[in-house]
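Comments concern the structure below.
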Amino acid sequence: MNKLGKKNIIIPIILILLVGTIFFFATRNNANETQVQYKQFMREVENGNVSEVYISTKETMQFKLKDGKIFITENPRSLNLKETLLLSGVKVYERDLKSPAELIILITIAGSLVSAFIYLTLKNSKSKGGAFRLSSIDVEATQNTGLTFEDIAGNFEAKESIKELVDFIKTPEKYAKFKARMPRGVILYGPPGTGKTLMAKALASEAGVPFFAVNGSDFVQIYVGVGAGRIRDLFKKAKEKGKAVIFIDEIDAIGEKRSMRADGGSDERDQTLNALLSEMSGFKNSEGIVVIAATNRLDTLDEALLRPGRFDRHIEVNLPDVKDRQRILELYCKDKPMAHDVDLYKIAQLTVYFSGAKLENLVNEAAILAVKENSEYITMEHLDKALSIVIAGSEKKNKDIIKEDDRKITAYHEAGHALITKLTSNSLVRKITIIPSTKGAGGYTLTIPEDKTYHTKRGLLDMIKIYIAGRAAEEIIFGEENITTGASNDIQKVTEIVLGMFKDYGMFKETGLLNYSVIQEHTQIDSKTIVEQANHLVSNLYDEVKEMIIENIDKLNILANELLEKETIYEEDINRILA
């Protein structure tokens with residue numbers, strides 16, 4: 001049971017015990033008092049046995065005998081009663097007699113009230129101080145991340161740049177002697193899953209210093225000043241350790257360009273960013289503290305954050321090439337039982353544009369498949385199935401509900417993609433299937449693109465043709481009125497590519513060598529011309545694709561029929577049909 005649950009149970013238990021105690025003593029007190037008639041009371045007074053009498057406005061009054069016994073009797077409320085008693089040598093008190101039991105009850109009630117008051121006061125004080133407590137960030141230093149640079153494959157240049165910081169953290173005095181200022185901050189930028197966090201952990205581990213890991217969103221609050229307070233608290237904790245690595249993931253959450261914000265600037269974000277800049281400027285050269293930040297969008301960060309003295313080094317962490325992918329796969333397969341015929345280089349060739357995280361997921365999916373099949377080893381078949389799962393999702397088991405017409409439409413749609421891929425590019429068509437997947441696809445064509453650093457204009461135009469080939473095949477085979485919604489994702493991809501060509505890459509004379517995304521940041525632009533030009537381009541490409549399909553209609557039919565018969569066909573069959 002958690003602490004909060006224990007506190008909530010203790011309070012009712014205390015109240016129950018309190019009520020029980022009061023009831024017990026009250027009952028006991030009433031039971032000990034015997035009522036006698038007023039006549040007997042007066043007789044005891046005349047005999048000199050009564051020592052004290054307690055008169056009140058109640059219907060009864062209490063009296064105490066000299067032997068200590070207490071009784072109650074009727075209260076006559078006569079004017080001369082007190083005088084009569086005093087003349088008889090009896091002490092008279094105009095109040096009720098307080099027995100020890102009643103005193104205990106009163107003390108208990110008073111103590112409970114005081115305790116409740118103190119508890120509520122402290123609770124209210126804590127709630128009022130909540131805003132201040134929010135300024136303290138909940139982060140603990142990791143003393144040993146368990147990672148070294150040997151555990152990270154690929155990105156050799158990025159690793160070398162990071163390794164230089166190890167000596168600076170270990171012996172900052174050596175650099176201070178020569179008035180050399182080592183980087184106070186390093187920004188790692190690149191696609192998601194490329195190992196930015198791993199590099200920061202490896203740096204802390206190699207340097208043997210505490211590692212503080214936070215996310216940019218940890219500093220984003222609705223209360224003005226909280227984010228800045230958390231920044232100061234984070235750096236205070238790091239300075240207490242003497243030497244440390246601070247890692248801020250997704251720094252664009254607080255470091256975004258102020259002019260880019262839709263609300264024209266946020267006081268809270270500005271204060272948080274200013275606090276970060278101030279803390280980084282306040283480092284002494286002798287302090288072995290390095291701030292590592294990670295982002296997927298370097299272009300969105302504020303210039304004040306990127307200038308020398310803050311984040312001095314900007315290191316790109318790219319997607320791995322084929323050799324790096326092989327090394328990463330070998331790293332993740334090192335401790336797993338692998339079949340002797342597993343060719344990781346071939347898997348590396350098939351995983352173009354895969355990040356390190358995606359490759360790890362691929363190996364993990366293959367391991368899960370091997371366990372499900374009670375296999376002793378992970379085989380190439382497991383890795384091949386895992387590749388399909390990572391890209392398109394698992395195959396749906398229940399295929400009986402799929403109508404024959406839908407299967408036929410899917411077969412021609414996917415055959416269109418494969419046909420145009422082989423006719424326009426050097427990409428490898430690894431697999432075509434019309435089995436629906438758990439990611440919502442009715443079928444898919446698994447194409448392995450060429451491993452390139454840049455995309456040419458011709459290559460992008462061919463990519464558009466491949467995407468619209470499925471819709472073109474549907475129109476040719478089933479008619480213009482029977483095209484389906486199956487091309488929605490293809491059309492989305494085409495739109496992204498063609499707008500990028502016009503707006504960002506300056507690939508057409510009609511729009512010139514201008515970046516319209518930059519223009520749009522500073523002023524409103526009329527996008528009508530861009531949309532018209534983009535639509536005209538795609539329409540022309542669509543007509544070209546239809547002509548290509550009509551010229552190769554026999555190959556399209558053979559591919560589609562093979563798919564209807566086998567549901568899934570592989571590279572060898574595809575090459576044989578299209579040879």
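Just so we're on the same page: first chain in the structure tokens is A, next is B, and so on; residues restart at 1 for each chain, and ligands are numbered from 1 in the order they show up.
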
Set the distance at 12 Å and use only C-alpha atoms: which residues neighbour Asp573 of chain A once local chain neighbours fewer than 5 positions away are removed? I'd like the list as a PyMOL selection string. chain A and resi 418+429-432+558-559+562-563+566+568+578-579

N, CA and C atoms of the current selection, written as a PDB file, in the first residue's frame:
```pdb
ATOM      1  N   ALA A 418       4.394  -2.283 -58.503  1.00  0.00           N
ATOM      2  CA  ALA A 418       5.576  -3.097 -58.806  1.00  0.00           C
ATOM      3  C   ALA A 418       6.033  -2.902 -60.254  1.00  0.00           C
ATOM      4  N   VAL A 429      12.242  -4.742 -55.866  1.00  0.00           N
ATOM      5  CA  VAL A 429      10.907  -5.109 -55.393  1.00  0.00           C
ATOM      6  C   VAL A 429      11.049  -6.448 -54.678  1.00  0.00           C
ATOM      7  N   ARG A 430      11.083  -6.395 -53.364  1.00  0.00           N
ATOM      8  CA  ARG A 430      11.371  -7.590 -52.548  1.00  0.00           C
ATOM      9  C   ARG A 430      10.173  -8.508 -52.430  1.00  0.00           C
ATOM     10  N   LYS A 431       8.979  -7.921 -52.379  1.00  0.00           N
ATOM     11  CA  LYS A 431       7.803  -8.744 -52.083  1.00  0.00           C
ATOM     12  C   LYS A 431       6.537  -7.977 -52.430  1.00  0.00           C
ATOM     13  N   ILE A 432       5.521  -8.698 -52.925  1.00  0.00           N
ATOM     14  CA  ILE A 432       4.182  -8.117 -53.130  1.00  0.00           C
ATOM     15  C   ILE A 432       3.190  -9.044 -52.448  1.00  0.00           C
ATOM     16  N   ILE A 558      -0.422 -10.626 -65.667  1.00  0.00           N
ATOM     17  CA  ILE A 558       0.260 -11.810 -65.132  1.00  0.00           C
ATOM     18  C   ILE A 558       0.590 -11.622 -63.650  1.00  0.00           C
ATOM     19  N   LEU A 559       1.132 -10.424 -63.313  1.00  0.00           N
ATOM     20  CA  LEU A 559       1.443 -10.133 -61.904  1.00  0.00           C
ATOM     21  C   LEU A 559       0.196 -10.235 -61.025  1.00  0.00           C
ATOM     22  N   GLU A 562      -0.983 -13.865 -60.625  1.00  0.00           N
ATOM     23  CA  GLU A 562      -0.100 -14.591 -59.700  1.00  0.00           C
ATOM     24  C   GLU A 562      -0.439 -14.233 -58.247  1.00  0.00           C
ATOM     25  N   LEU A 563      -0.721 -12.963 -58.032  1.00  0.00           N
ATOM     26  CA  LEU A 563      -1.071 -12.516 -56.678  1.00  0.00           C
ATOM     27  C   LEU A 563      -2.401 -13.121 -56.223  1.00  0.00           C
ATOM     28  N   LYS A 566      -1.453 -16.869 -55.459  1.00  0.00           N
ATOM     29  CA  LYS A 566      -0.527 -17.177 -54.374  1.00  0.00           C
ATOM     30  C   LYS A 566      -0.639 -16.210 -53.186  1.00  0.00           C
ATOM     31  N   THR A 568       0.964 -13.936 -52.082  1.00  0.00           N
ATOM     32  CA  THR A 568       2.257 -13.281 -51.855  1.00  0.00           C
ATOM     33  C   THR A 568       3.270 -13.822 -52.854  1.00  0.00           C
ATOM     34  N   LEU A 578       8.568 -10.098 -65.121  1.00  0.00           N
ATOM     35  CA  LEU A 578       8.867  -8.816 -65.779  1.00  0.00           C
ATOM     36  C   LEU A 578      10.142  -8.851 -66.613  1.00  0.00           C
ATOM     37  N   ALA A 579      10.755 -10.016 -66.741  1.00  0.00           N
ATOM     38  CA  ALA A 579      12.015 -10.121 -67.502  1.00  0.00           C
ATOM     39  C   ALA A 579      11.768  -9.753 -68.956  1.00  0.00           C
TER      40      ALA A 579
END
```

Please extract the residues of segment 185-424 of chain A with a backbone DSSP assignment of helix (DSSP H, G or I) and present them as a PyMOL selection string. chain A and resi 196-207+216-219+226-240+252-255+258-260+267-281+298-300+303-306+322-333+344-350+356-372+380-392+404-424

DSSP on the backbone, then: every residue of segment 61-252 of chain A marked strand (DSSP E), written as number ranges by chain. A: 61-65, 70-74, 91-93, 185-189, 211-215, 243-249

Contacts of segment 47-57 of chain A within 9 Å, only C-alpha atoms, excl. fewer than 2 positions in-chain, as number ranges by chain: A: 41-45, 59-68, 75, 77, 82, 85, 88-97

Since we have the selection now, will you write its residues out, keeping N, CA and C atoms, as a PDB file, in the first residue's frame?
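Saved file out-v1.pdb follows:
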```pdb
ATOM      1  N   PHE A  41     -31.000  13.756  50.549  1.00  0.00           N
ATOM      2  CA  PHE A  41     -29.912  14.714  50.435  1.00  0.00           C
ATOM      3  C   PHE A  41     -29.895  15.655  51.630  1.00  0.00           C
ATOM      4  N   MET A  42     -31.085  16.196  52.010  1.00  0.00           N
ATOM      5  CA  MET A  42     -31.170  17.127  53.128  1.00  0.00           C
ATOM      6  C   MET A  42     -30.838  16.432  54.452  1.00  0.00           C
ATOM      7  N   ARG A  43     -31.165  15.155  54.528  1.00  0.00           N
ATOM      8  CA  ARG A  43     -30.847  14.398  55.737  1.00  0.00           C
ATOM      9  C   ARG A  43     -29.340  14.270  55.883  1.00  0.00           C
ATOM     10  N   GLU A  44     -28.646  14.016  54.754  1.00  0.00           N
ATOM     11  CA  GLU A  44     -27.192  13.895  54.785  1.00  0.00           C
ATOM     12  C   GLU A  44     -26.552  15.233  55.153  1.00  0.00           C
ATOM     13  N   VAL A  45     -27.178  16.341  54.693  1.00  0.00           N
ATOM     14  CA  VAL A  45     -26.655  17.673  55.040  1.00  0.00           C
ATOM     15  C   VAL A  45     -26.784  17.902  56.535  1.00  0.00           C
ATOM     16  N   GLU A  59     -31.772  20.584  35.905  1.00  0.00           N
ATOM     17  CA  GLU A  59     -32.838  20.042  36.761  1.00  0.00           C
ATOM     18  C   GLU A  59     -32.265  19.258  37.929  1.00  0.00           C
ATOM     19  N   THR A  60     -31.017  18.816  37.791  1.00  0.00           N
ATOM     20  CA  THR A  60     -30.373  18.078  38.876  1.00  0.00           C
ATOM     21  C   THR A  60     -29.110  18.805  39.301  1.00  0.00           C
ATOM     22  N   MET A  61     -28.633  18.431  40.518  1.00  0.00           N
ATOM     23  CA  MET A  61     -27.373  18.982  41.005  1.00  0.00           C
ATOM     24  C   MET A  61     -26.553  17.853  41.609  1.00  0.00           C
ATOM     25  N   GLN A  62     -25.263  18.049  41.686  1.00  0.00           N
ATOM     26  CA  GLN A  62     -24.362  17.024  42.195  1.00  0.00           C
ATOM     27  C   GLN A  62     -23.908  17.403  43.598  1.00  0.00           C
ATOM     28  N   PHE A  63     -23.687  16.364  44.429  1.00  0.00           N
ATOM     29  CA  PHE A  63     -23.112  16.615  45.747  1.00  0.00           C
ATOM     30  C   PHE A  63     -22.148  15.495  46.074  1.00  0.00           C
ATOM     31  N   LYS A  64     -21.173  15.861  46.905  1.00  0.00           N
ATOM     32  CA  LYS A  64     -20.108  14.938  47.235  1.00  0.00           C
ATOM     33  C   LYS A  64     -20.055  14.736  48.734  1.00  0.00           C
ATOM     34  N   LEU A  65     -20.058  13.449  49.141  1.00  0.00           N
ATOM     35  CA  LEU A  65     -19.963  13.119  50.561  1.00  0.00           C
ATOM     36  C   LEU A  65     -18.520  13.193  51.014  1.00  0.00           C
ATOM     37  N   LYS A  66     -18.355  13.199  52.347  1.00  0.00           N
ATOM     38  CA  LYS A  66     -17.011  13.295  52.889  1.00  0.00           C
ATOM     39  C   LYS A  66     -16.179  12.045  52.620  1.00  0.00           C
ATOM     40  N   ASP A  67     -16.843  10.926  52.311  1.00  0.00           N
ATOM     41  CA  ASP A  67     -16.092   9.700  51.980  1.00  0.00           C
ATOM     42  C   ASP A  67     -15.714   9.633  50.495  1.00  0.00           C
ATOM     43  N   GLY A  68     -16.047  10.742  49.727  1.00  0.00           N
ATOM     44  CA  GLY A  68     -15.648  10.837  48.325  1.00  0.00           C
ATOM     45  C   GLY A  68     -16.692  10.371  47.334  1.00  0.00           C
ATOM     46  N   ASN A  75     -32.801  19.483  41.761  1.00  0.00           N
ATOM     47  CA  ASN A  75     -32.400  20.861  42.047  1.00  0.00           C
ATOM     48  C   ASN A  75     -33.664  21.671  42.313  1.00  0.00           C
ATOM     49  N   ARG A  77     -33.915  24.765  43.052  1.00  0.00           N
ATOM     50  CA  ARG A  77     -33.766  26.131  42.528  1.00  0.00           C
ATOM     51  C   ARG A  77     -34.396  27.173  43.462  1.00  0.00           C
ATOM     52  N   LYS A  82     -28.536  27.958  48.855  1.00  0.00           N
ATOM     53  CA  LYS A  82     -27.102  28.175  49.011  1.00  0.00           C
ATOM     54  C   LYS A  82     -26.791  28.645  50.428  1.00  0.00           C
ATOM     55  N   LEU A  85     -27.005  25.752  52.924  1.00  0.00           N
ATOM     56  CA  LEU A  85     -25.869  24.833  52.823  1.00  0.00           C
ATOM     57  C   LEU A  85     -24.627  25.440  53.443  1.00  0.00           C
ATOM     58  N   SER A  88     -24.564  25.249  57.040  1.00  0.00           N
ATOM     59  CA  SER A  88     -24.341  23.876  57.516  1.00  0.00           C
ATOM     60  C   SER A  88     -22.902  23.435  57.310  1.00  0.00           C
ATOM     61  N   GLY A  89     -22.031  24.350  56.820  1.00  0.00           N
ATOM     62  CA  GLY A  89     -20.619  24.037  56.634  1.00  0.00           C
ATOM     63  C   GLY A  89     -20.308  23.306  55.340  1.00  0.00           C
ATOM     64  N   VAL A  90     -21.165  23.426  54.370  1.00  0.00           N
ATOM     65  CA  VAL A  90     -20.967  22.752  53.084  1.00  0.00           C
ATOM     66  C   VAL A  90     -20.399  23.763  52.073  1.00  0.00           C
ATOM     67  N   LYS A  91     -19.396  23.331  51.345  1.00  0.00           N
ATOM     68  CA  LYS A  91     -18.847  24.163  50.275  1.00  0.00           C
ATOM     69  C   LYS A  91     -19.789  24.123  49.073  1.00  0.00           C
ATOM     70  N   VAL A  92     -20.104  25.321  48.531  1.00  0.00           N
ATOM     71  CA  VAL A  92     -21.052  25.394  47.410  1.00  0.00           C
ATOM     72  C   VAL A  92     -20.344  25.965  46.167  1.00  0.00           C
ATOM     73  N   TYR A  93     -20.504  25.249  45.051  1.00  0.00           N
ATOM     74  CA  TYR A  93     -19.933  25.702  43.769  1.00  0.00           C
ATOM     75  C   TYR A  93     -21.068  25.832  42.764  1.00  0.00           C
ATOM     76  N   GLU A  94     -21.088  27.000  42.074  1.00  0.00           N
ATOM     77  CA  GLU A  94     -22.147  27.209  41.077  1.00  0.00           C
ATOM     78  C   GLU A  94     -21.660  26.727  39.692  1.00  0.00           C
ATOM     79  N   ARG A  95     -21.380  25.478  39.616  1.00  0.00           N
ATOM     80  CA  ARG A  95     -20.981  24.805  38.355  1.00  0.00           C
ATOM     81  C   ARG A  95     -21.096  23.309  38.550  1.00  0.00           C
ATOM     82  N   ASP A  96     -20.955  22.576  37.403  1.00  0.00           N
ATOM     83  CA  ASP A  96     -21.004  21.112  37.473  1.00  0.00           C
ATOM     84  C   ASP A  96     -19.681  20.555  37.972  1.00  0.00           C
ATOM     85  N   LEU A  97     -19.767  19.451  38.665  1.00  0.00           N
ATOM     86  CA  LEU A  97     -18.568  18.767  39.127  1.00  0.00           C
ATOM     87  C   LEU A  97     -17.901  18.066  37.938  1.00  0.00           C
TER      88      LEU A  97
END
```

Test item: residues at most 8 Å from segment 288-301 of chain A, only C-alpha atoms, excluding those fewer than 2 positions along its chain, as number ranges by chain: A: 168-172, 183-192, 196-197, 200, 238-239, 242-252, 255-257, 260, 283, 285-286, 303, 305-306

Output of the above residues as an mmCIF file, in the first residue's frame, restricted to C-alpha atoms:
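Everything below was put into part38.cif:
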```
data_model
loop_
_atom_site.group_PDB
_atom_site.id
_atom_site.type_symbol
_atom_site.label_atom_id
_atom_site.label_comp_id
_atom_site.auth_asym_id
_atom_site.auth_seq_id
_atom_site.Cartn_x
_atom_site.Cartn_y
_atom_site.Cartn_z
ATOM 1 C CA PHE A 168 37.658 17.830 -20.981
ATOM 2 C CA ILE A 169 35.257 16.476 -18.373
ATOM 3 C CA LYS A 170 37.956 14.423 -16.628
ATOM 4 C CA THR A 171 40.641 17.130 -16.539
ATOM 5 C CA PRO A 172 39.120 20.573 -17.217
ATOM 6 C CA PRO A 183 32.428 23.358 -25.702
ATOM 7 C CA ARG A 184 29.919 24.055 -22.970
ATOM 8 C CA GLY A 185 27.132 22.539 -24.982
ATOM 9 C CA VAL A 186 26.712 20.104 -27.846
ATOM 10 C CA ILE A 187 23.611 19.678 -29.988
ATOM 11 C CA LEU A 188 23.063 16.296 -31.563
ATOM 12 C CA TYR A 189 20.596 16.535 -34.425
ATOM 13 C CA GLY A 190 19.231 14.060 -36.907
ATOM 14 C CA PRO A 191 16.327 11.694 -37.578
ATOM 15 C CA PRO A 192 14.648 9.882 -34.652
ATOM 16 C CA LYS A 196 21.595 10.546 -29.894
ATOM 17 C CA THR A 197 20.625 9.486 -26.375
ATOM 18 C CA ALA A 200 25.169 11.100 -24.368
ATOM 19 C CA ALA A 238 24.664 19.088 -11.537
ATOM 20 C CA LYS A 239 27.069 21.588 -9.917
ATOM 21 C CA GLY A 242 31.145 18.710 -9.381
ATOM 22 C CA LYS A 243 31.338 17.079 -12.808
ATOM 23 C CA ALA A 244 28.362 15.841 -14.790
ATOM 24 C CA VAL A 245 26.699 15.365 -18.158
ATOM 25 C CA ILE A 246 23.292 17.003 -18.573
ATOM 26 C CA PHE A 247 21.229 15.557 -21.413
ATOM 27 C CA ILE A 248 18.161 17.494 -22.625
ATOM 28 C CA ASP A 249 16.151 15.496 -25.138
ATOM 29 C CA GLU A 250 13.705 17.236 -27.508
ATOM 30 C CA ILE A 251 15.182 20.635 -26.681
ATOM 31 C CA ASP A 252 12.998 22.254 -29.360
ATOM 32 C CA GLY A 255 14.350 26.334 -27.551
ATOM 33 C CA GLU A 256 12.041 27.007 -30.505
ATOM 34 C CA LYS A 257 12.510 30.242 -32.434
ATOM 35 C CA MET A 260 7.845 30.959 -35.051
ATOM 36 C CA PHE A 283 29.921 27.984 -16.296
ATOM 37 C CA ASN A 285 36.148 26.868 -17.441
ATOM 38 C CA SER A 286 37.345 24.685 -14.578
ATOM 39 C CA GLU A 303 19.700 31.522 -32.795
ATOM 40 C CA LEU A 305 20.804 28.937 -28.329
ATOM 41 C CA LEU A 306 23.117 28.024 -31.202
#
```

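Note that atom CA of Leu147 of chain A and atom CA of Arg310 of chain A are 26.3 Å apart.
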
I'd like the neighbourhood of Leu541 of chain A as an MDAnalysis selection string, where a residue qualifies if any of its atoms comes within 9 Å (using only C-alpha atoms), though same-chain residues fewer than 6 positions away should be ignored. chainID A and resid 461:462 464:465 468

Any idea what's packed within 12 Å of Ser427 of chain A, counting only C-alpha atoms, ignoring anything in its chain fewer than 4 positions away? Could you give it as JSON, numbers by chain? {"A": [349, 350, 352, 417, 418, 419, 420, 421, 422, 423, 445, 446, 447, 448, 449, 450, 451, 452, 459, 462, 463, 466, 571]}

Surrounding residues of Asn535 of chain A excluding itself and chain neighbours under 5 positions, 12 Å, only C-alpha atoms, as a VMD selection string: chain A and resid 491 494 to 495 498 to 499 502 528 to 530 540 to 542

Just the selected residues (N, CA and C atoms), exported as a compact mmCIF listing (two decimals), in the first residue's frame, please.
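Final output, again_6.txt:
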```txt
# COMPACT_ATOMS: atom_id res chain seq x y z
N ILE A 491 -1.51 9.13 -52.37
CA ILE A 491 -1.75 10.53 -52.75
C ILE A 491 -1.13 11.48 -51.73
N VAL A 494 2.58 11.61 -52.48
CA VAL A 494 2.80 12.39 -53.71
C VAL A 494 2.72 13.89 -53.39
N THR A 495 1.72 14.27 -52.61
CA THR A 495 1.55 15.69 -52.26
C THR A 495 2.76 16.22 -51.51
N VAL A 498 5.81 16.51 -54.09
CA VAL A 498 5.70 17.55 -55.12
C VAL A 498 5.73 18.95 -54.49
N LEU A 499 5.12 19.12 -53.32
CA LEU A 499 5.18 20.42 -52.66
C LEU A 499 6.60 20.73 -52.20
N PHE A 502 8.54 22.04 -55.18
CA PHE A 502 8.19 23.41 -55.55
C PHE A 502 8.58 24.42 -54.45
N LYS A 528 -1.79 29.69 -54.43
CA LYS A 528 -2.59 29.23 -55.57
C LYS A 528 -1.71 28.81 -56.74
N THR A 529 -0.68 29.61 -57.03
CA THR A 529 0.21 29.30 -58.16
C THR A 529 0.94 27.98 -57.93
N ILE A 530 1.43 27.78 -56.70
CA ILE A 530 2.16 26.55 -56.37
C ILE A 530 1.24 25.34 -56.52
N ASN A 540 0.31 15.40 -65.53
CA ASN A 540 1.14 14.95 -66.66
C ASN A 540 1.84 13.62 -66.35
N LEU A 541 2.34 13.49 -65.13
CA LEU A 541 3.00 12.25 -64.73
C LEU A 541 2.00 11.09 -64.70
N TYR A 542 0.78 11.38 -64.28
CA TYR A 542 -0.27 10.35 -64.21
C TYR A 542 -0.59 9.83 -65.62
```

Taking only C-alpha atoms into account, name the residue in A:Gln271, A:Ala253, A:Lys334, A:Val317 that is nearest to Leu198 of chain A.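 Ranked by minimum distance to Leu198 of chain A, first place goes to A:Val317.
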
Kindly indicate which residue among A:Leu564, A:Ala472, A:Ala370, A:Leu87 lies nearest to Asp406 of chain A, using only C-alpha atoms for the distances.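 Counting only C-alpha atoms, the residue closest to Asp406 of chain A is A:Leu564.
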
Closest of A:Ala534, A:Met507, A:Ile347, A:Ile476 to Ile550 of chain A, counting only C-alpha atoms, is A:Ile476
